[in-house]
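Peer 1: For reference, this is input_16.cif, and it has mmCIF, C-alpha atoms.
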```cif
data_coords
#
loop_
_atom_site.label_atom_id
_atom_site.label_comp_id
_atom_site.auth_asym_id
_atom_site.auth_seq_id
_atom_site.Cartn_x
_atom_site.Cartn_y
_atom_site.Cartn_z
CA MET A 26 -7.33 5.03 23.89
CA LEU A 27 -7.34 7.94 21.46
CA VAL A 28 -4.36 7.74 19.12
CA LEU A 29 -3.28 10.37 16.62
CA CYS A 30 -1.65 8.72 13.60
CA ILE A 31 0.62 10.48 11.08
CA GLU A 32 1.71 9.17 7.67
CA SER A 33 4.19 10.85 5.27
CA SER A 34 6.14 8.05 3.59
CA CYS A 35 5.69 9.17 -0.01
CA ASP A 36 3.38 11.74 -1.61
CA GLU A 37 0.37 11.80 0.73
CA THR A 38 0.37 13.81 3.95
CA ALA A 39 -2.15 12.15 6.24
CA ALA A 40 -3.40 12.25 9.80
CA ALA A 41 -6.12 10.28 11.57
CA VAL A 42 -7.62 9.85 15.02
CA ILE A 43 -8.37 6.25 15.97
CA ARG A 44 -10.16 5.03 19.09
CA ASP A 45 -9.01 1.73 20.63
CA GLY A 46 -7.32 0.62 17.43
CA ARG A 47 -10.68 -0.08 15.77
CA GLU A 48 -12.85 3.01 15.32
CA ILE A 49 -11.94 5.67 12.76
CA LEU A 50 -12.90 9.09 14.09
CA SER A 51 -11.15 10.92 11.25
CA ASN A 52 -8.88 10.16 8.32
CA VAL A 53 -7.59 13.22 6.47
CA ILE A 54 -5.36 12.91 3.39
CA ALA A 55 -3.64 15.69 1.44
CA SER A 56 -2.56 14.35 -1.95
CA GLN A 57 0.36 15.64 -4.00
CA VAL A 58 -0.70 14.03 -7.27
CA ASP A 59 -1.10 17.33 -9.11
CA VAL A 60 2.38 18.44 -8.01
CA HIS A 61 4.14 15.33 -9.32
CA ALA A 62 1.98 14.58 -12.38
CA ARG A 63 3.94 16.94 -14.62
CA TYR A 64 7.11 14.95 -13.89
CA GLY A 65 5.56 11.54 -14.47
CA GLY A 66 6.42 10.35 -10.95
CA VAL A 67 7.19 11.42 -7.41
CA VAL A 68 10.05 13.93 -7.01
CA PRO A 69 11.45 13.31 -3.49
CA GLU A 70 12.53 16.90 -2.78
CA LEU A 71 9.18 18.30 -3.84
CA ALA A 72 7.39 15.66 -1.76
CA SER A 73 9.30 16.67 1.37
CA ARG A 74 8.54 20.36 0.85
CA GLN A 75 4.83 19.62 0.35
CA HIS A 76 4.75 17.58 3.55
CA VAL A 77 6.26 20.49 5.50
CA GLU A 78 3.55 22.80 4.16
CA ALA A 79 0.64 20.40 4.75
CA ILE A 80 1.39 18.52 7.96
CA SER A 81 0.07 21.04 10.49
CA VAL A 82 -3.07 21.68 8.46
CA VAL A 83 -3.77 17.97 8.08
CA ILE A 84 -3.28 17.24 11.79
CA ASN A 85 -5.55 20.12 12.83
CA SER A 86 -8.18 18.96 10.33
CA ALA A 87 -8.02 15.40 11.68
CA LEU A 88 -8.52 16.60 15.26
CA GLU A 89 -11.39 18.89 14.23
CA GLU A 90 -13.11 16.18 12.19
CA ALA A 91 -12.79 13.73 15.09
CA GLY A 92 -14.25 16.27 17.49
CA VAL A 93 -11.38 15.96 19.96
CA SER A 94 -8.84 18.40 21.35
CA ILE A 95 -5.10 17.83 21.23
CA ASP A 96 -5.11 17.39 25.02
CA GLN A 97 -7.33 14.32 24.69
CA ILE A 98 -4.79 12.42 22.58
CA GLU A 99 -3.30 9.55 24.63
CA GLY A 100 -0.71 8.27 22.17
CA ILE A 101 0.80 8.95 18.76
CA GLY A 102 1.51 6.52 15.94
CA VAL A 103 3.71 7.44 13.01
CA THR A 104 5.22 5.79 9.96
CA ARG A 105 8.94 5.21 10.53
CA GLY A 106 9.59 3.54 7.18
CA PRO A 107 10.11 2.31 4.58
CA GLY A 108 9.70 5.21 2.19
CA LEU A 109 11.33 8.40 0.98
CA ILE A 110 13.68 9.41 3.77
CA GLY A 111 13.03 13.14 3.50
CA ALA A 112 9.29 12.64 3.45
CA LEU A 113 9.41 10.25 6.40
CA LEU A 114 11.44 12.69 8.46
CA VAL A 115 8.73 15.34 8.24
CA GLY A 116 6.10 13.08 9.77
CA LEU A 117 8.42 11.44 12.28
CA SER A 118 9.89 14.73 13.51
CA THR A 119 6.42 16.16 13.95
CA ALA A 120 5.22 13.06 15.82
CA LYS A 121 8.25 13.06 18.15
CA ALA A 122 7.78 16.74 18.95
CA MET A 123 4.09 16.28 19.67
CA ALA A 124 4.66 13.21 21.85
CA TRP A 125 7.23 15.18 23.88
CA MET A 126 4.98 18.22 24.15
CA LEU A 127 1.92 16.21 25.22
CA ASP A 128 3.94 13.76 27.35
CA VAL A 129 2.31 10.76 25.63
CA PRO A 130 3.93 7.59 24.25
CA LEU A 131 4.98 7.20 20.62
CA ALA A 132 4.72 4.11 18.40
CA ALA A 133 6.90 3.96 15.25
CA VAL A 134 5.10 1.76 12.72
CA HIS A 135 6.20 -0.09 9.58
CA HIS A 136 4.34 1.31 6.55
CA MET A 137 3.39 -2.10 5.14
CA GLU A 138 2.24 -3.32 8.55
CA GLY A 139 -0.31 -0.54 8.43
CA HIS A 140 -1.50 -1.65 5.00
CA ILE A 141 -1.75 -5.31 6.02
CA LEU A 142 -3.81 -4.52 9.14
CA ALA A 143 -6.04 -1.84 7.54
CA THR A 144 -8.85 -4.31 6.97
CA SER A 145 -9.00 -4.88 10.74
CA LEU A 146 -10.62 -1.45 11.00
CA GLU A 147 -13.63 -2.78 9.08
CA ASN A 148 -13.74 -6.57 8.90
CA PRO A 149 -11.01 -8.11 11.08
CA PRO A 150 -9.74 -11.47 9.80
CA ASP A 151 -8.75 -14.10 12.34
CA PHE A 152 -5.06 -14.94 12.62
CA PRO A 153 -3.21 -16.56 10.97
CA PHE A 154 -3.71 -15.31 7.43
CA LEU A 155 -1.73 -14.74 4.24
CA ALA A 156 -1.18 -11.12 3.20
CA LEU A 157 -0.47 -9.88 -0.31
CA ALA A 158 0.90 -6.35 0.12
CA VAL A 159 0.94 -4.80 -3.32
CA SER A 160 1.58 -1.14 -4.10
CA GLY A 161 3.80 1.23 -6.06
CA GLY A 162 6.85 0.32 -4.01
CA HIS A 163 6.06 -3.13 -2.63
CA THR A 164 4.88 -6.52 -3.77
CA HIS A 165 5.29 -8.99 -0.90
CA LEU A 166 3.65 -12.13 0.41
CA TYR A 167 3.62 -12.51 4.20
CA ARG A 168 2.40 -15.11 6.62
CA VAL A 169 0.76 -13.15 9.46
CA ASP A 170 0.40 -14.98 12.77
CA GLY A 171 -0.51 -11.88 14.78
CA ILE A 172 0.34 -8.21 15.12
CA GLY A 173 4.13 -7.97 15.07
CA LYS A 174 4.48 -11.57 13.89
CA TYR A 175 5.28 -11.69 10.18
CA ARG A 176 7.25 -13.98 7.91
CA THR A 177 8.12 -13.07 4.34
CA LEU A 178 7.24 -15.84 1.87
CA GLY A 179 7.98 -14.01 -1.36
CA GLN A 180 8.65 -10.59 -2.86
CA THR A 181 9.33 -8.86 -6.14
CA LEU A 182 12.86 -9.18 -7.45
CA ASP A 183 12.63 -5.97 -9.49
CA ASP A 184 9.66 -3.67 -10.14
CA ALA A 185 6.70 -3.65 -7.78
CA ALA A 186 3.34 -4.28 -9.44
CA GLY A 187 2.15 -0.71 -8.89
CA GLU A 188 5.41 0.62 -10.31
CA ALA A 189 4.87 -1.48 -13.44
CA PHE A 190 1.35 -0.03 -13.82
CA ASP A 191 2.71 3.52 -13.62
CA LYS A 192 5.55 2.85 -16.08
CA VAL A 193 3.25 1.20 -18.63
CA ALA A 194 0.79 4.08 -18.32
CA LYS A 195 3.64 6.53 -18.93
CA LEU A 196 4.87 4.77 -22.09
CA LEU A 197 1.26 4.70 -23.37
CA GLY A 198 0.98 8.44 -22.73
CA LEU A 199 -1.73 8.04 -20.10
CA GLY A 200 -0.16 10.25 -17.43
CA TYR A 201 0.58 9.76 -13.74
CA PRO A 202 -0.54 8.02 -11.59
CA GLY A 203 -1.31 5.28 -14.09
CA GLY A 204 -2.90 2.48 -12.10
CA ALA A 205 -6.42 3.89 -12.06
CA VAL A 206 -6.25 4.92 -15.73
CA ILE A 207 -5.15 1.45 -16.88
CA ASP A 208 -7.85 -0.15 -14.73
CA ARG A 209 -10.51 2.03 -16.32
CA LEU A 210 -9.26 1.46 -19.87
CA ALA A 211 -8.96 -2.28 -19.29
CA GLN A 212 -12.70 -2.54 -18.76
CA ALA A 213 -13.21 -1.52 -22.40
CA GLY A 214 -10.41 -3.70 -23.77
CA ASN A 215 -9.87 -7.35 -24.68
CA PRO A 216 -7.64 -9.05 -22.07
CA GLU A 217 -6.78 -11.78 -24.57
CA ALA A 218 -5.79 -9.44 -27.40
CA ILE A 219 -2.05 -9.61 -26.67
CA ALA A 220 -0.20 -12.48 -25.03
CA PHE A 221 2.11 -10.70 -22.62
CA PRO A 222 4.42 -12.93 -20.53
CA ARG A 223 3.73 -14.12 -16.97
CA PRO A 224 7.25 -14.00 -15.44
CA MET A 225 8.08 -16.54 -12.73
CA LEU A 226 4.49 -17.83 -12.67
CA HIS A 227 5.50 -21.47 -12.91
CA ARG A 228 8.53 -21.34 -10.63
CA PRO A 229 8.05 -23.19 -7.33
CA ASN A 230 8.91 -20.19 -5.12
CA PHE A 231 6.63 -17.27 -4.26
CA ASP A 232 8.74 -14.41 -5.62
CA PHE A 233 7.52 -12.01 -8.30
CA SER A 234 9.01 -10.15 -11.26
CA PHE A 235 7.20 -7.45 -13.23
CA SER A 236 10.04 -5.81 -15.14
CA GLY A 237 9.66 -8.32 -17.96
CA ILE A 238 5.96 -7.57 -18.48
CA LYS A 239 6.72 -3.84 -18.62
CA THR A 240 9.50 -4.45 -21.16
CA ALA A 241 7.21 -6.67 -23.25
CA VAL A 242 4.66 -3.84 -23.46
CA LEU A 243 7.40 -1.41 -24.53
CA GLN A 244 8.62 -3.78 -27.24
CA TYR A 245 5.07 -4.35 -28.48
CA VAL A 246 4.37 -0.61 -28.71
CA ASN A 247 7.67 0.03 -30.52
CA LYS A 248 6.83 -2.63 -33.13
CA CYS A 249 3.43 -1.14 -33.97
CA GLN A 250 3.51 0.16 -37.55
CA GLU A 251 0.48 2.45 -37.20
CA PRO A 252 -0.58 4.97 -34.54
CA ILE A 253 -2.19 3.29 -31.55
CA GLY A 254 -5.84 4.24 -31.41
CA GLU A 255 -8.21 4.35 -28.44
CA GLN A 256 -9.45 0.76 -28.73
CA HIS A 257 -5.95 -0.57 -29.33
CA THR A 258 -4.76 1.25 -26.20
CA ALA A 259 -7.61 -0.29 -24.23
CA ASP A 260 -6.63 -3.76 -25.49
CA ILE A 261 -3.01 -3.20 -24.45
CA ALA A 262 -4.14 -2.02 -21.02
CA ALA A 263 -6.48 -4.98 -20.58
CA SER A 264 -3.88 -7.51 -21.72
CA PHE A 265 -1.21 -6.02 -19.47
CA GLN A 266 -3.54 -5.93 -16.47
CA GLU A 267 -4.61 -9.52 -17.13
CA ALA A 268 -0.98 -10.68 -17.05
CA VAL A 269 -0.26 -8.91 -13.76
CA VAL A 270 -3.49 -10.07 -12.14
CA GLU A 271 -2.91 -13.68 -13.13
CA VAL A 272 0.58 -13.68 -11.63
CA LEU A 273 -0.56 -12.02 -8.39
CA THR A 274 -3.60 -14.22 -7.82
CA ARG A 275 -2.11 -17.57 -8.74
CA LYS A 276 1.09 -17.04 -6.75
CA THR A 277 -0.91 -15.86 -3.73
CA LEU A 278 -3.30 -18.80 -3.79
CA ARG A 279 -0.40 -21.21 -4.20
CA ALA A 280 1.31 -19.69 -1.16
CA ALA A 281 -1.89 -19.90 0.90
CA GLU A 282 -2.25 -23.57 0.01
CA SER A 283 1.40 -24.25 0.85
CA GLU A 284 0.99 -22.62 4.29
CA GLY A 285 -2.39 -24.24 4.94
CA LEU A 286 -4.10 -20.84 5.29
CA GLU A 287 -7.77 -20.26 4.49
CA ARG A 288 -7.77 -16.46 4.82
CA ILE A 289 -6.07 -13.95 2.49
CA VAL A 290 -5.73 -10.20 2.98
CA VAL A 291 -4.98 -8.11 -0.11
CA ALA A 292 -3.70 -4.64 0.81
CA GLY A 293 -1.90 -1.62 -0.63
CA GLY A 294 -2.72 0.77 -3.45
CA VAL A 295 -3.05 -1.92 -6.14
CA ALA A 296 -5.72 -3.60 -4.00
CA CYS A 297 -8.07 -0.96 -5.46
CA ASN A 298 -7.70 -2.54 -8.91
CA SER A 299 -11.10 -3.85 -10.02
CA GLY A 300 -9.60 -6.66 -12.10
CA LEU A 301 -7.61 -7.94 -9.13
CA ARG A 302 -10.63 -7.80 -6.83
CA THR A 303 -12.86 -9.58 -9.33
CA ARG A 304 -10.35 -12.36 -9.96
CA PHE A 305 -9.77 -12.98 -6.26
CA ASP A 306 -13.53 -13.09 -5.67
CA GLU A 307 -13.87 -15.70 -8.42
CA LEU A 308 -10.95 -17.82 -7.28
CA SER A 309 -11.80 -17.66 -3.58
CA VAL A 310 -14.88 -19.81 -4.17
CA LYS A 311 -12.99 -22.29 -6.31
CA HIS A 312 -10.13 -22.66 -3.81
CA GLY A 313 -12.20 -22.47 -0.62
CA VAL A 314 -10.48 -19.40 0.85
CA LYS A 315 -11.86 -16.12 2.19
CA VAL A 316 -10.35 -12.96 0.75
CA PHE A 317 -10.39 -9.64 2.63
CA PHE A 318 -10.00 -6.26 0.90
CA PRO A 319 -9.92 -2.91 2.74
CA SER A 320 -12.19 -0.17 1.44
CA PRO A 321 -10.51 1.87 -1.33
CA ILE A 322 -9.81 4.80 1.02
CA LEU A 323 -7.79 2.42 3.22
CA CYS A 324 -5.89 0.87 0.30
CA GLY A 325 -3.86 3.91 -0.69
CA ASP A 326 -1.49 5.64 1.73
CA ASN A 327 -3.45 6.97 4.70
CA ALA A 328 -2.95 7.45 8.44
CA ALA A 329 -5.94 5.47 9.73
CA MET A 330 -4.28 2.20 8.73
CA LEU A 331 -1.57 2.88 11.33
CA GLY A 332 -4.17 2.85 14.09
CA VAL A 333 -4.36 -0.92 14.57
CA PRO A 334 -0.63 -1.62 15.07
CA ALA A 335 0.01 1.70 16.86
CA ASN A 336 -2.70 1.03 19.44
CA TYR A 337 -1.41 -2.53 19.96
CA TYR A 338 2.20 -1.46 20.51
CA LEU A 339 1.21 1.38 22.81
CA GLU A 340 -0.90 -0.98 24.94
CA LYS A 341 2.02 -3.42 25.09
CA GLY A 342 4.42 -0.67 26.15
CA CYS A 343 6.48 -0.92 22.95
CA TYR A 344 7.34 2.76 22.82
CA ALA A 345 9.73 4.63 20.54
CA ASP A 346 11.92 7.29 22.13
CA ASN A 347 13.38 10.50 20.73
CA SER A 348 16.36 8.63 19.29
CA VAL A 349 14.21 6.74 16.77
CA ASN A 350 15.07 7.66 13.19
CA ALA A 351 13.39 7.23 9.81
CA VAL A 352 14.50 4.31 7.63
CA SER A 353 14.14 4.12 3.87
CA SER A 354 14.44 0.31 3.89
CA TRP A 355 13.03 -1.90 6.64
CA THR A 356 12.27 -5.63 6.62
CA LEU A 357 8.87 -6.36 8.12
CA ASP A 358 10.10 -9.64 9.62
CA SER A 359 12.57 -7.71 11.79
CA ILE A 360 9.88 -6.12 13.97
CA CYS A 361 8.46 -9.43 15.22
CA LEU A 362 7.47 -9.50 18.88
CA ASP A 363 7.43 -12.46 21.26
#
```
Just give me the structure as structure tokens.

Peer 2:
Amino acid sequence: MLVLCIESSCDETAAAVIRDGREILSNVIASQVDVHARYGGVVPELASRQHVEAISVVINSALEEAGVSIDQIEGIGVTRGPGLIGALLVGLSTAKAMAWMLDVPLAAVHHMEGHILATSLENPPDFPFLALAVSGGHTHLYRVDGIGKYRTLGQTLDDAAGEAFDKVAKLLGLGYPGGAVIDRLAQAGNPEAIAFPRPMLHRPNFDFSFSGIKTAVLQYVNKCQEPIGEQHTADIAASFQEAVVEVLTRKTLRAAESEGLERIVVAGGVACNSGLRTRFDELSVKHGVKVFFPSPILCGDNAAMLGVPANYYLEKGCYADNSVNAVSSWTLDSICLD
């Protein structure tokens, strides 16, 4: 089956062609980073307008790169939510119109389901596994027993980890998006220079909280009597990243042990973070678990990641009709299939 996938949940307009839910024939992404950088974050109205301008170009590029014609597409997968409602509507409306025009079925996919299953395009883990979905808008722990079978074990109670990275980068004057900049600076800094807190680390549940770490960085910077130089900034970045990484890894491993799971998938934009990857690699040996990371191109928002669930739902006959609407908030547990 050749499936055209469309993603527009935030500030990337993306389209991909996937064969049989496994083979990536194309994966085209149009980023809006330069548009939003001057504002220090994503402006929803601007994001929607950029999607309208880019969506046709991106879809045509994906088809051309895959070497297929539009008439060869046998199904369409699209992100229904969660995300920015205006941005989602651009992709969903386009997908619905194309499915009607081509007379092919449509699968409406949960954004985080795509992230969790992205690694199945490269190195498929056996079910069940634990998934840490960590990005700018999400930090969740899921037990995954199969496609469409998810159970939330824990989630952030305030800021997502990626959101905390961006906010700390902004207060340090590092620009937007901040995750990659902090990761790069951290490699030149001392992760033990500043003892930032590890909120909720020792609580018995699997929920997260990153607002306190962000506030601790702000308070530290405000108390500095002298201008913060390059090395000092690197030390702050390294210490902040160390705190976040420790919370994410230890909570995840504790959840895996509690559920009796030996496989962990780490997905979402923050899964690109080198400190997080290194720590999981180190701890996986110690704790006897196997950790799966998608390639960096499949960690950020992209359309190829939708291919695995979209193909599965289309094969199962789980179609979306023209009445399906975008949703800004959507619990992953609620899409479970029997």

Peer 1: Decode the PyMOL selection byres ((chain A and resi 352) around 12) for the given file into explicit residues and return them as a list in words.

Peer 2: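 Evaluating the PyMOL selection byres ((chain A and resi 352) around 12) on this file yields Ser34, Thr104, Arg105, Gly106, Pro107, Gly108, Leu109, Ile110, Gly111, Ala112, Leu113, Leu114, Leu117, Ala133, Val134, His135, His136, Val349, Asn350, Ala351, Ser353, Ser354, Trp355 and Thr356 of chain A.
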
Peer 1: Can you tell me, as number ranges by chain, what residues are no more than 7 Å from Arg223 of chain A when counting only C-alpha atoms, ignoring any on the same chain fewer than 3 positions away?

Peer 2: A: 226, 268, 272

Peer 1: So how far away is atom CA of Leu197 of chain A from atom CA of Asp306 of chain A, in Å?

Peer 2: 29.1 Å

Peer 1: Please provide as a PyMOL selection string all residues within 12 Å of Thr258 of chain A, with the sequence filter that same-chain residues fewer than 5 positions apart are discarded (counting all atoms listed in the file).

Peer 2: chain A and resi 193-194+196-199+206-216+218-219+242+245-246+249+252-253+263-265

Peer 1: Using all atoms listed in the file for the distances, tell me which of A:Asp358, A:Ile54, A:Thr303, A:Arg74 is nearest to Leu178 of chain A.

Peer 2: A:Asp358

Peer 1: Suppose you want the space between atom CA of Gly66 of chain A and atom CA of Tyr201 of chain A; what is it in Å?

Peer 2: 6.5 Å

Peer 1: Let me know the residues the PyMOL selection byres ((chain A and resi 150) around 9) catches in the file above, as a ChimeraX atom specification.

Peer 2: /A:144-145,148-149,151-154,288-290,317

Peer 1: Edge lengths and centre in Å to one decimal, as AutoDock Vina command-line options, is what I'm after for the box along x, y and z that holds all listed atoms of segment 255-260 of chain A once 4 Å is added on each side.

Peer 2:
```
--center_x -7.1 --center_y 0.3 --center_z -26.8 --size_x 12.7 --size_y 16.1 --size_z 13.1
```

Peer 1: List the spatial neighbours of Pro224 of chain A as a ChimeraX atom specification - criterion: any atom at most 8 Å away, all atoms listed in the file, same-chain residues fewer than 6 positions off excluded.

Peer 2: /A:233-235,237-238,272

Peer 1: Go through A:Ala281, A:Glu267, A:Glu32, A:Glu70 and flag the residue nearest Gly116 of chain A, using all atoms listed in the file for the distances.

Peer 2: A:Glu32

Peer 1: Around (-5.8, -5.9, 5.5) in the file's frame, which residues reach within 10 Å when counting only C-alpha atoms? Return as a PDB file with C-alpha atoms, keeping the file's coordinate frame?

Peer 2:
```
ATOM      1  CA  MET A 137       3.390  -2.100   5.140  1.00  0.00           C
ATOM      2  CA  GLU A 138       2.240  -3.320   8.550  1.00  0.00           C
ATOM      3  CA  GLY A 139      -0.310  -0.540   8.430  1.00  0.00           C
ATOM      4  CA  HIS A 140      -1.500  -1.650   5.000  1.00  0.00           C
ATOM      5  CA  ILE A 141      -1.750  -5.310   6.020  1.00  0.00           C
ATOM      6  CA  LEU A 142      -3.810  -4.520   9.140  1.00  0.00           C
ATOM      7  CA  ALA A 143      -6.040  -1.840   7.540  1.00  0.00           C
ATOM      8  CA  THR A 144      -8.850  -4.310   6.970  1.00  0.00           C
ATOM      9  CA  SER A 145      -9.000  -4.880  10.740  1.00  0.00           C
ATOM     10  CA  LEU A 146     -10.620  -1.450  11.000  1.00  0.00           C
ATOM     11  CA  GLU A 147     -13.630  -2.780   9.080  1.00  0.00           C
ATOM     12  CA  ASN A 148     -13.740  -6.570   8.900  1.00  0.00           C
ATOM     13  CA  PRO A 149     -11.010  -8.110  11.080  1.00  0.00           C
ATOM     14  CA  PRO A 150      -9.740 -11.470   9.800  1.00  0.00           C
ATOM     15  CA  PHE A 154      -3.710 -15.310   7.430  1.00  0.00           C
ATOM     16  CA  LEU A 155      -1.730 -14.740   4.240  1.00  0.00           C
ATOM     17  CA  ALA A 156      -1.180 -11.120   3.200  1.00  0.00           C
ATOM     18  CA  LEU A 157      -0.470  -9.880  -0.310  1.00  0.00           C
ATOM     19  CA  ALA A 158       0.900  -6.350   0.120  1.00  0.00           C
ATOM     20  CA  ILE A 289      -6.070 -13.950   2.490  1.00  0.00           C
ATOM     21  CA  VAL A 290      -5.730 -10.200   2.980  1.00  0.00           C
ATOM     22  CA  VAL A 291      -4.980  -8.110  -0.110  1.00  0.00           C
ATOM     23  CA  ALA A 292      -3.700  -4.640   0.810  1.00  0.00           C
ATOM     24  CA  GLY A 293      -1.900  -1.620  -0.630  1.00  0.00           C
ATOM     25  CA  ALA A 296      -5.720  -3.600  -4.000  1.00  0.00           C
ATOM     26  CA  VAL A 316     -10.350 -12.960   0.750  1.00  0.00           C
ATOM     27  CA  PHE A 317     -10.390  -9.640   2.630  1.00  0.00           C
ATOM     28  CA  PHE A 318     -10.000  -6.260   0.900  1.00  0.00           C
ATOM     29  CA  PRO A 319      -9.920  -2.910   2.740  1.00  0.00           C
ATOM     30  CA  SER A 320     -12.190  -0.170   1.440  1.00  0.00           C
ATOM     31  CA  LEU A 323      -7.790   2.420   3.220  1.00  0.00           C
ATOM     32  CA  CYS A 324      -5.890   0.870   0.300  1.00  0.00           C
ATOM     33  CA  MET A 330      -4.280   2.200   8.730  1.00  0.00           C
TER      34      MET A 330
END
```

Peer 1: Take the PyMOL selection byres ((chain A and resi 343) around 12), apply it to the structure above, and return the hits as an MDAnalysis selection string.

Peer 2: chainID A and resid 100 102 130:134 173 334:342 344:346 360:363

Peer 1: From the options A:Cys35, A:Thr177, A:Ile43, A:Ile101, which residue's atoms come nearest to Ala72 of chain A, counting all atoms listed in the file?

Peer 2: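 Once distances to Ala72 of chain A are computed over all atoms listed in the file, the minimum belongs to A:Cys35.
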
Peer 1: For Arg63 of chain A, list every protein, DNA or RNA residue within 12 Å, evaluated using all atoms listed in the file, and leave out those in the same chain fewer than 5 positions away; present the list as a ChimeraX atom specification.

Peer 2: /A:57-58,68,195,199-202

Peer 1: Would you mind reading off the distance between atom CA of Ala329 of chain A and atom CA of Gly187 of chain A, one decimal, in Å?

Peer 2: 21.2 Å

Peer 1: Contacts of Asn230 of chain A at 10 Å or less, counting all atoms listed in the file, minus same-chain residues fewer than 2 places along, as a PyMOL selection string?

Peer 2: chain A and resi 178-180+225-228+232-233+276+279-280

Peer 1: For each of A:Pro321, A:His61, A:Ala259, A:Ile98, take the minimum atom-to-atom distance to Cys297 of chain A, counting all atoms listed in the file, then give the residue where this is smallest.

Peer 2: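 Result for the nearest residue to Cys297 of chain A: A:Pro321.
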
Peer 1: Check the smallest atom-to-atom distance from each of A:Val83, A:Ala241, A:Met123, A:Leu286 to Asp170 of chain A using only C-alpha atoms, then report the winner.

Peer 2: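 Looking only at the distances to Asp170 of chain A, the closest residue turns out to be A:Leu286.
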